[in-house]
Amino acid sequence: MPSTTPTRPRALARAGAAVLAVTGLSGLTLLAGAPAASAHVRAVPETTAAGGWSVVTLRVPTESDTAASTSLEVSLPTDVPFTSVRVRPLPGWTAVVREGELPEPVDVDGVTLTRAPLTVTWTADGPGTGVGEFEQFQLQVGPLPAAGTRVVLPAVQTYADGEVAAWTEVGAPGAEEPEHPAPEFTTTEATADGHGAHGAAPADARERTAPVASASVSSDSASTGAPDGVARALAGAGLAAGLGGLALGLRARRRSV
């Protein structure tokens with residue numbers, strides 16, 4: 001006997017599949033027709049704790065469809081200046097930190113500063129950051145200002161064809177983000193030890209009052225203690241030789257008696 005199972009569910013399933021297919025195509029069409037969201041230059045701090053030192057990563061996309069990004073100049077705060085700015089070496093790029101006079105003297109931790117690092121400029125040694133790519137530029141800065149301070153780092157990006165993108169607009173707190181926002185972050189309360197995670201000051205900076213601008217990473221090399229170890233080894237060898245000589249002398253004396 002032929003099956004009497006209703007065919008309506010199958011028909012509904014086929015209709016549903018057709019609707020999904022049309023909907024999917026429509027969605028793809030909408031996505032393809034919509035303009036891509038602008039990938040702004042962003043500042044991503046390792047820590048934001050007030051009073052600490054932080055590694056700030058600047059993520060810079062190439063938005064041009066025809067030219068590589070070949071230069072980035074970042075302006076540093078002058079109202080809450082950093083006393084220390086160090087640049088992490090980046091293959092294919094040369095970094096220059098420029099120090100200069102502040103618009104007016106600023107008190108930082110009881111020290112009056114009249115000069116401070118003002119700008120950092122990265123210039124590509126080769127082709128730069130290509131179309132569809134992005135690069136990450138890193139700074140170690142500090143000390144960070146009081147909690148709740150907006151640290152604004154206006155950036156100017158230059159392309160191989162001469163086009164310039166100025167990421168320098170500062171929006172009002174809580175307002176809609178401007179079209180070309182400046183990279184920024186906001187500091188937070190210090191932790192119990194006075195610094196954020198990984199935010200301790202470089203060893204030389206803890207004793208320094210004058211600002212330092214550096215285009216290279218400096219590291220404090222710990223003493224290996226090698227000279228002291230050699231001296232101890234030689235002293236031990238001398239002591240062993242002395243004891244050996246004493247033992248031979250005693251044996252010889254016993255034989256002669």
# chains A, B, ... in the order shown; residues from 1 in each chain; ligands from 1
$ closest_atom_pairs --of "stretch 100-134 of chain A" --to "stretch 53-67 of chain A" --cutoff "9 Å" --atoms "only C-alpha atoms" --output "JSON lines"
{"residue": "A:Thr129", "atom": "CA", "partner": "A:Thr62", "partner_atom": "CA", "distance": 6.6}
{"residue": "A:Gly130", "atom": "CA", "partner": "A:Thr62", "partner_atom": "CA", "distance": 6.7}
{"residue": "A:Val131", "atom": "CA", "partner": "A:Thr62", "partner_atom": "CA", "distance": 5.7}
{"residue": "A:Gly132", "atom": "CA", "partner": "A:Thr62", "partner_atom": "CA", "distance": 6.2}
{"residue": "A:Glu133", "atom": "CA", "partner": "A:Thr62", "partner_atom": "CA", "distance": 5.8}
{"residue": "A:Phe134", "atom": "CA", "partner": "A:Pro61", "partner_atom": "CA", "distance": 4.0}
$ atom_distance --atom1 "atom CA of A:Val87" --atom2 "atom CA of A:Ser71"
15.1 Å
$ residues_around --residues "A:Leu153" --least-positions-apart "4" --cutoff "7 Å" --atoms "only C-alpha atoms" --output "list in words"
Val74, Ser75, Leu76, Pro77, Ala182, Pro183 and Glu184 of chain A
$ write_last_selection --atoms "C-alpha atoms" --output "PDB file, in the first residue's frame"
ATOM      1  CA  VAL A  74      52.926  61.286  18.322  1.00  0.00           C
ATOM      2  CA  SER A  75      52.673  64.353  20.543  1.00  0.00           C
ATOM      3  CA  LEU A  76      53.179  63.766  24.271  1.00  0.00           C
ATOM      4  CA  PRO A  77      51.298  65.578  27.057  1.00  0.00           C
ATOM      5  CA  ALA A 182      43.293  61.243  19.043  1.00  0.00           C
ATOM      6  CA  PRO A 183      44.604  58.083  20.747  1.00  0.00           C
ATOM      7  CA  GLU A 184      44.042  58.324  24.491  1.00  0.00           C
TER       8      GLU A 184
END
$ atom_distance --atom1 "atom CA of A:Glu135" --atom2 "atom CA of A:Ala49"
25.5 Å
$ residues_around --residues "A:Ala116" --least-positions-apart "6" --cutoff "7 Å" --atoms "only C-alpha atoms" --output "list in words"
Pro81, Phe82, Thr83, Glu99, Gly100, Glu101, Leu102 and Pro211 of chain A
$ write_last_selection --atoms "C-alpha atoms" --output "CSV table (one decimal), in the first residue's frame"
chain,number,residue,atom,x,y,z
A,81,PRO,CA,54.5,65.5,31.2
A,82,PHE,CA,56.3,62.2,31.4
A,83,THR,CA,59.7,62.3,32.9
A,99,GLU,CA,62.7,66.9,24.1
A,100,GLY,CA,61.9,70.6,24.4
A,101,GLU,CA,60.7,73.4,26.6
A,102,LEU,CA,57.3,73.1,28.2
A,211,PRO,CA,63.4,64.0,32.2
$ atom_distance --atom1 "atom CA of A:Ser84" --atom2 "atom CA of A:Val141"
5.6 Å
$ closest_residue --among "A:Val80, A:Ala68, A:Leu139, A:Ala166" --to "A:Thr112" --atoms "only C-alpha atoms"
A:Val80
$ residues_around --residues "A:Ala95" --least-positions-apart "6" --cutoff "8 Å" --atoms "only C-alpha atoms" --output "ChimeraX atom specification"
/A:87,89,120-123,215
$ residues_around --residues "A:Leu113" --least-positions-apart "6" --cutoff "8 Å" --atoms "only C-alpha atoms" --output "list in words"
Leu102, Pro105, Val106, Asp107 and Ala210 of chain A
$ write_last_selection --atoms "N, CA and C atoms" --output "PDB file, in the first residue's frame"
ATOM      1  N   LEU A 102      58.687  73.163  27.943  1.00  0.00           N
ATOM      2  CA  LEU A 102      57.258  73.075  28.192  1.00  0.00           C
ATOM      3  C   LEU A 102      56.625  74.460  28.080  1.00  0.00           C
ATOM      4  N   PRO A 105      56.130  75.906  33.389  1.00  0.00           N
ATOM      5  CA  PRO A 105      56.679  74.935  34.346  1.00  0.00           C
ATOM      6  C   PRO A 105      55.576  74.071  34.964  1.00  0.00           C
ATOM      7  N   VAL A 106      55.907  72.808  35.188  1.00  0.00           N
ATOM      8  CA  VAL A 106      54.953  71.860  35.768  1.00  0.00           C
ATOM      9  C   VAL A 106      55.612  71.141  36.926  1.00  0.00           C
ATOM     10  N   ASP A 107      54.863  70.982  38.024  1.00  0.00           N
ATOM     11  CA  ASP A 107      55.373  70.263  39.196  1.00  0.00           C
ATOM     12  C   ASP A 107      55.031  68.776  39.058  1.00  0.00           C
ATOM     13  N   ALA A 210      65.548  64.665  36.457  1.00  0.00           N
ATOM     14  CA  ALA A 210      65.528  65.263  35.125  1.00  0.00           C
ATOM     15  C   ALA A 210      64.839  64.324  34.150  1.00  0.00           C
TER      16      ALA A 210
END
